[in-house]
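Accompanying notes for the structure given below.
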Amino acid sequence: MRPTLTIERCQLGSESFVNNETILSVKGLKTEFVLDEGTAKAVDGVSFKVDRGQVVGIVGESGCGKSVTIKSIMGIIQKPGKIVEGRIFFRLKQNEELVDLRSYDSRGEEMRNIRGNDIALIPQEPMAALSPVHTIGNQLVEAIRLHRNISKKEAEKVAVERMRQVGMPSPEERMSVYSWQLSGGLRQRVMIAMALMCNPRLLIADEPTTAIDVTTQAQVLSLLRELQSAQELAMIFITHDLGVVAQIADYVVVMYLGKVVEKGPVDDIFHSPGHPYTKALLASIPTIHTPAREELPTIGGSLPHPFNRPMGCPFHPRCAAFIPGTCDKIPPTLTKISSQHSVSCFLHSENLVDTQ
Amino acid sequence: MSTATTDPEELVDFDDAVLVAPNWKLVWWRFKKHRLAFYSGFIVILIVIIAAFPGFFSTQDPYESATRGSFMPPQGIHIWDKGPAFYAYAAIGKRNQTTLKMEWVVDEETKVPLRLFGRGYEWEVLGLFKSNIHLLALRNPDVDKPIHLLGTDRLGRDQWSRVLYGTQVSLSIGLLAVFLSTVIGIFLGGISGYFGGLTDMIIQRMIELLQSIPPIPIWLALSASLPRTWSVTQGYIAITAILALITWTGLAREVRGRFLVLREEDFVVAAKMSGCSRMRIVFRHMVPTLSSHIIAAVTLAIPVMIINETFLSFLGLGLRPPAISWGVLLQEAQNLQSVALAPWLMLPGVAVIVTVIALNILGDGLRDAADPYH
Amino acid sequence: MTDNSRSNEQLLLLEVKGLTKFFPIRSKGLRRKVIGQARAVDDVSFNIFEGETLGLVGESGCGKTTTARCIVRALDPTSGEILFSHSDRETVDIAALSDREMFPLRRDVQMIFQDPYASLNPRMNILDIIGESLLVIGGMKDRTKRSKRVAELLKLVGLRPEYMQRFPHAFSGGQRQRIVIARALALKPRLVVADEPVSALDVSVQAQVLNLMLKLQQELNLTYLFVAHDLSVVKHFCDRVAVMYLGKIVELALTTSLFEGPMHPYTKALMGAVPEADPRRKAAMVPLIGEVPSPVSPPSGCHFHPRCPHVTELCKTTMPALEEIRLGQFVRCHRAAELAAG
């Protein structure tokens, strides 16, 4: 048996990062990819937590490490990637026990069970996750019976019920259909049904609406929101679309080059962003309210090469509020600017440093 | 917030060779990481050098026969004799009185001194001029009998030299046949893939027809129909053509498939927007994109050709003596008697195996380097 | 460049009339019989005036990209006219030209692609990529002259001229899109068809490319046909917008009128579905039901009727015409006037 982690034992430093409602708490996660050309620090010290019934949105542009973060959590990092540091606390469904997922063998029986029963994934490309040679019904039944000891007949009933739940039109008929016969939106519904099959604790959605159209995206988003609140699911929602994250998330983690630059309640992030990157990102998207056909504010420059990360704050070469001598020398740390809102930027930490 | 959108300083400047490297360089860098393929490349280069200058590496005229020196076993070279030395022992043949067979024993009394870059028989350098320098030669060619590193055959011809000349013939047939089939394959495959429609239909049906004919009877029939009176050169060209005509279909299919995919690529549409003619699109945009795949496919096709040639000649349907090729040499080892009495006659098979394996590994490495995502 | 200030003197640069593109669906057999038609673009008509930007919006499969590709003749239209007003003010029908006759027009009509990774030949360096049309159409045989012009173009799109020896893999997505733009502008075209030029780019880079395209339009008096699925980008970028659904234009209006008062139920649904980057404005969570039907067998009558909340019996049988309901606002809906009034 593994030692049970109590809340007291999870006090690292002064800050408590786990409470009774916490489903997942990631602490100082670092994942690296060691290649011949160099080491890419895909995830570089990421910490955040997800409470019961909370939707945490992770936003960032390509290469910010959001996908690697969730892959690390699920223990599905592929070689040459490797988690080098950090802890991933997760509260198990069966006995409410808090365990460190990193202490499991990622390919072992226990971790596989956790992946099936406790944590479920909705992938970006449902086509890649569904087998083209088995019917949707077969795949659902198989998924149910893998984790639950029930007969095939019963499993079929459950599958139809789940398909109805995710708004699949005429679910009985769709059971005998192949994935490639379905449209993108319906396929994503199948993936959601499959993910919810075993009543998971934590649902991880990896850009689930990126590959589908706006009107279908609206359907999928409202379905996810509905299911999530009905079942008090904890959910991590990964996206690069600020609009989507504003609509679905309760709490937002903004990532840039493998680091969390800002995290806070969704309203704070969108209405009083603290980090220059978040601000610039929000300003650079044209909305219904930006004046038409005028120059949009942009973030200068482009993302640095992953092997060529800037010193100090990763954002400083593109930052409008860059403080020479500070931002390019010392990496800033996440500093609380309100009870739930933290920013990793010297604009906010200076005062705090001074008063201490 | 910066509003400078068209700042020329925008590119993050880290000068790296990678940035200006054309594609072939990237392929080369990836290829170098594939150790086994890299070393195979060296072996292939060595084989190619041998094929280019077989005379230099040989010790004796491959056609020179010695009636009294048949079936001599391989002789070793010694480099130590109470101090550095370079010599071989002479061999003495005795006729077994009961079987009337020549039996060879090493005569440890008589040493045959050797030297590097010595003089020997005259050979032609790429058919341009003549030379009599050899990598390995007798120190006293007027006194000593020639040595046979791989023994001799039925007619007392030096097998080492014959294998080297065979390398030239077998490799060049392979290369030429592959070159021919590549040209046909790219041309027809390219037309088929780019134009599509009826052209594609006709070419595809033709390929299917060719592929549906069992290759061995076709080879047999074609080679058997070659007039016996043809000279070695004529036979050589005919065999090359036969090999090429049968094998172009595979490459044509591959090129067509890639063309079909490429045709839809945005950069091909962009080339059309830039006013490129169809010919320019095919040869400036599409073929270069395929070049590394073609090189890999070709490298993998050469060993197949070599095997085919060897196989045909072995059956006596390819090249015929006095031409020397690996297949012709192996023909000598066809009967049980020679295998039992002179097993070294099978050594040309080793040359075939080494060459084929090296080319295959090299081709695999090239393919991986050209297309790391497949 | 305000929306309503277009005078009558403004030159009609492009007039598309009844453009149709069907893709035949063939049987698997040897005879490859045509067993159906995918009606990708079905009787589409619109105008573009010189110097303006027309947006073409819709979801995947609505025919917007096919329309764009027909106009640049990357595809051959099935029927219809694409009248382009040539430099000498003569009008030619692009749809009727052969490849050879199209050749001189490539100077005037150029294209920007969606995927900057697929649209640059990885085997050619930037000089050769941008310089290709200069060589082939412009007849600029002298390499030094060409590289001088390419250097100008690179500066124009905000890249360093020294990078022209580099190969595409050395550039990021945004930089590649700048190269694509430079290539399109090499011969000073008049019409640039931009097929989702920013949708493959990161958010922060999208704004850079949009700004560049706006700046270039003003400097070079370009006319854009801007294909996109992102409504907020379209709203920001276009003077007029055409909304497409299953191969047909369902609404065509000035951007301001369209966004202030969308009249077609599909346009409304599309706008309602865009998630706004503001948690205080939760999207109307009554999403459109169902999905886009297949263009091989579109629904009878109005193609949108199975998903429309205002459907009537008439909608199921008769395809409505594209009618001007308000000034400058064309809508393809039987009930548009009625719904607008109510």
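Letters A, B, ... go to the chains of the structure tokens in the order shown; residues in each chain start at 1; ligands are counted from 1 in the same order.
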
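Residues in contact range of His78 (chain B), defined as at most 12 Å between only C-alpha atoms, with sequence neighbours fewer than 3 positions away removed, read B:Gln75, B:Asp81, B:Lys82, B:Gly83, B:Pro84, B:Ala85, B:Phe86, B:Tyr87, B:Ala88, B:Tyr89, B:Ala90, B:Glu108, B:Lys111, B:Val112, B:Pro113, B:Leu114, B:Arg115, B:Leu149.
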
Would you list the contacts of Met164 (chain C) as a list in words, taking every protein, DNA or RNA residue within 9 Å and counting only C-alpha atoms, but skipping same-chain residues closer than 2 positions in sequence? Asn125, Ile126, Leu127, Asp128, Ile130, Ser147, Val150, Ala151, Leu154, Arg160, Pro161, Glu162, Arg166 and Phe167 of chain C

Per residue of chain C within 8 Å of chain A, what are the shortest atom pair and its distance in Å to one decimal, counting only C-alpha atoms, with rows by chain and residue number, as CSV?
```
residue,atom,partner,partner_atom,distance
C:Glu59,CA,A:Asp213,CA,5.8
C:Ser60,CA,A:Asp213,CA,6.7
C:Ser172,CA,A:Ser302,CA,7.6
C:Gly174,CA,A:Ser302,CA,7.8
C:Asp202,CA,A:Glu61,CA,5.9
C:Val203,CA,A:Ile285,CA,6.8
C:Ser204,CA,A:Ile299,CA,5.8
C:Val205,CA,A:Ser302,CA,7.4
C:Gln206,CA,A:Ile285,CA,8.0
C:Ala207,CA,A:Ser284,CA,5.7
C:Gln208,CA,A:Thr298,CA,5.9
C:Leu210,CA,A:Leu296,CA,7.9
C:Asn211,CA,A:Glu295,CA,5.3
C:Leu214,CA,A:Arg293,CA,7.2
C:Ser232,CA,A:Thr287,CA,5.2
C:Val233,CA,A:Pro286,CA,6.0
C:Lys235,CA,A:Ala292,CA,6.7
C:His236,CA,A:Ala292,CA,4.4
C:Phe237,CA,A:Arg293,CA,5.2
C:Cys238,CA,A:Arg293,CA,7.3
C:Ala269,CA,A:Thr215,CA,7.3
C:Leu270,CA,A:Thr215,CA,6.1
C:Ala273,CA,A:Ala218,CA,5.3
C:Val274,CA,A:Val214,CA,6.3
C:Pro275,CA,A:Gly243,CA,4.7
C:Glu276,CA,A:Gly243,CA,4.5
C:Ala277,CA,A:Gly243,CA,3.8
C:Asp278,CA,A:Ala246,CA,5.5
C:Pro279,CA,A:Ala246,CA,4.6
C:Arg280,CA,A:Asp267,CA,7.3
C:Lys282,CA,A:Gln247,CA,5.9
C:Ala283,CA,A:Gln247,CA,6.9
C:Met285,CA,A:Ser222,CA,6.2
C:Pro287,CA,A:Gln219,CA,5.4
C:Leu288,CA,A:Thr215,CA,6.2
C:Ile289,CA,A:Gln219,CA,7.7
C:Glu291,CA,A:Thr216,CA,6.9
```

Could you make a table, as a Markdown table, of the residues of chain C that have an atom within 7 Å of an atom of chain B, each with its nearest atom pair and distance in Å to one decimal, counting only C-alpha atoms, in chain and number order?
```
| residue | atom | partner | partner_atom | distance |
| --- | --- | --- | --- | --- |
| C:Ala74 | CA | B:Val269 | CA | 6.4 |
| C:Phe103 | CA | B:Gly275 | CA | 5.9 |
| C:Arg106 | CA | B:Met273 | CA | 6.2 |
| C:Gln110 | CA | B:Met273 | CA | 6.5 |
| C:Ala118 | CA | B:Asp266 | CA | 5.5 |
| C:Ser119 | CA | B:Phe267 | CA | 4.0 |
| C:Leu120 | CA | B:Phe267 | CA | 5.2 |
| C:Asn121 | CA | B:Phe267 | CA | 5.5 |
| C:Arg123 | CA | B:Asn23 | CA | 5.9 |
| C:Glu132 | CA | B:Ser274 | CA | 6.4 |
| C:Ser133 | CA | B:Ser274 | CA | 4.4 |
| C:Val136 | CA | B:Gly275 | CA | 6.1 |
| C:Ile137 | CA | B:Gly275 | CA | 5.9 |
| C:Lys155 | CA | B:Pro8 | CA | 7.0 |
| C:Val157 | CA | B:Thr6 | CA | 6.5 |
| C:Gly158 | CA | B:Thr6 | CA | 4.2 |
| C:Leu159 | CA | B:Pro8 | CA | 5.2 |
| C:Arg160 | CA | B:Pro8 | CA | 5.5 |
| C:Gln165 | CA | B:Val20 | CA | 6.4 |
| C:Arg166 | CA | B:Val20 | CA | 4.3 |
| C:Phe167 | CA | B:Val20 | CA | 6.0 |
| C:Ala170 | CA | B:Leu19 | CA | 4.6 |
| C:Gln208 | CA | B:Thr5 | CA | 5.4 |
| C:Asn211 | CA | B:Thr5 | CA | 6.8 |
| C:Leu212 | CA | B:Thr5 | CA | 6.8 |
```

Give me the residues within 8 Å of region 319-326 of chain B as a VMD selection string, counting only C-alpha atoms and dropping any in the same chain fewer than 3 places off. chain B and resid 162 to 163 165 to 170 232 235 to 236 239 310 312 to 313 316 329 to 330 348 to 349 352

May I have the selected residues written with C-alpha atoms, as a compact mmCIF listing (two decimals), in the first residue's frame?
```txt
# COMPACT_ATOMS: atom_id res chain seq x y z
CA ARG B 162 37.61 -12.29 -61.19
CA VAL B 163 35.42 -11.28 -58.25
CA TYR B 165 35.97 -7.56 -62.25
CA GLY B 166 32.62 -9.18 -61.54
CA THR B 167 31.93 -6.36 -59.11
CA GLN B 168 32.36 -3.91 -61.91
CA VAL B 169 29.98 -5.71 -64.20
CA SER B 170 27.34 -6.62 -61.62
CA VAL B 232 29.59 -9.64 -74.46
CA GLY B 235 24.51 -9.16 -74.09
CA TYR B 236 25.33 -6.75 -71.29
CA ILE B 239 20.31 -7.82 -69.95
CA THR B 310 23.16 -12.77 -60.45
CA LEU B 312 19.82 -14.83 -64.35
CA SER B 313 23.50 -15.36 -64.96
CA GLY B 316 23.04 -19.35 -67.56
CA LEU B 329 31.26 -16.77 -61.17
CA LEU B 330 28.66 -18.45 -59.03
CA PRO B 348 31.59 -14.53 -54.88
CA GLY B 349 28.32 -15.14 -53.03
CA VAL B 352 26.86 -10.37 -53.33
```

Taking the DSSP secondary structure from the backbone, can you list the residues of region 97-344 of chain B that are strand (DSSP E or B), as a ChimeraX atom specification? /B:102-125,129-138,152,158

Smallest atom-to-atom distance to chain A: which of B:Gly76, B:Arg119, B:Phe259, B:Lys33, using only C-alpha atoms? B:Lys33

Long-range neighbours of region 343-345 of chain B as a PyMOL selection string, 12 Å cut-off, only C-alpha atoms, 5 positions minimum in chain: chain B and resi 70-75+148-154+156-160+162-163+326-338+350-351

As a PyMOL selection string, please: the residues near Leu13 (chain C) (cut-off 10 Å, only C-alpha atoms, same-chain neighbours under 3 positions excluded). chain C and resi 10+47-52+83-87+89+91+190-191+223

Can you check which residues of region 102-219 of chain C DSSP gives as alpha helix (DSSP H) on the backbone and send them as an MDAnalysis selection string? chainID C and resid 102 126:136 143:156 173:185 203:219

Restricting it to C-alpha atoms, dump the selection as a short mmCIF file (atom, residue, chain, number, x, y, z; two decimals), in the first residue's frame.
```cif
data_model
loop_
_atom_site.label_atom_id
_atom_site.label_comp_id
_atom_site.auth_asym_id
_atom_site.auth_seq_id
_atom_site.Cartn_x
_atom_site.Cartn_y
_atom_site.Cartn_z
CA MET C 102 -5.26 33.07 -67.94
CA ILE C 126 12.80 32.56 -50.26
CA LEU C 127 14.42 34.35 -53.17
CA ASP C 128 13.31 31.64 -55.59
CA ILE C 129 9.87 31.37 -54.06
CA ILE C 130 9.05 35.07 -54.22
CA GLY C 131 11.00 35.60 -57.41
CA GLU C 132 9.28 32.86 -59.33
CA SER C 133 6.41 34.93 -60.67
CA LEU C 134 8.85 37.77 -61.41
CA LEU C 135 10.76 35.34 -63.58
CA VAL C 136 7.91 33.43 -65.16
CA ARG C 143 18.96 37.31 -61.03
CA THR C 144 20.40 40.41 -59.40
CA LYS C 145 17.44 42.48 -60.54
CA ARG C 146 15.16 39.84 -59.18
CA SER C 147 16.86 39.68 -55.83
CA LYS C 148 16.63 43.46 -55.60
CA ARG C 149 12.89 43.34 -56.11
CA VAL C 150 12.56 40.45 -53.65
CA ALA C 151 14.49 42.49 -51.08
CA GLU C 152 12.02 45.34 -51.55
CA LEU C 153 9.11 42.97 -51.13
CA LEU C 154 10.57 41.44 -47.98
CA LYS C 155 10.99 44.89 -46.49
CA LEU C 156 7.45 45.70 -47.48
CA GLY C 173 4.12 30.53 -39.09
CA GLY C 174 3.61 34.28 -39.01
CA GLN C 175 6.84 34.95 -40.88
CA ARG C 176 5.92 32.37 -43.49
CA GLN C 177 2.58 34.04 -44.00
CA ARG C 178 4.45 37.30 -44.61
CA ILE C 179 6.49 35.51 -47.26
CA VAL C 180 3.29 34.21 -48.83
CA ILE C 181 1.97 37.76 -48.90
CA ALA C 182 5.21 39.04 -50.45
CA ARG C 183 4.92 36.39 -53.15
CA ALA C 184 1.35 37.39 -53.90
CA LEU C 185 2.34 41.07 -54.17
CA VAL C 203 -3.67 34.62 -31.73
CA SER C 204 -0.84 37.08 -31.18
CA VAL C 205 0.42 36.58 -34.73
CA GLN C 206 -3.03 36.90 -36.33
CA ALA C 207 -3.19 40.54 -35.37
CA GLN C 208 0.25 41.20 -36.89
CA VAL C 209 -0.75 39.69 -40.21
CA LEU C 210 -4.12 41.44 -40.28
CA ASN C 211 -2.43 44.78 -39.60
CA LEU C 212 0.06 44.11 -42.36
CA MET C 213 -2.69 43.28 -44.83
CA LEU C 214 -4.57 46.47 -43.92
CA LYS C 215 -1.45 48.58 -44.30
CA LEU C 216 -0.61 47.04 -47.66
CA GLN C 217 -4.14 47.57 -48.90
CA GLN C 218 -3.90 51.26 -48.18
CA GLU C 219 -0.42 51.64 -49.61
#
```

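Among the candidate residues A:Ser151, A:Ser342, A:Thr326, A:Asn308, the one lying nearest to chain B is A:Asn308, with distances computed using only C-alpha atoms.
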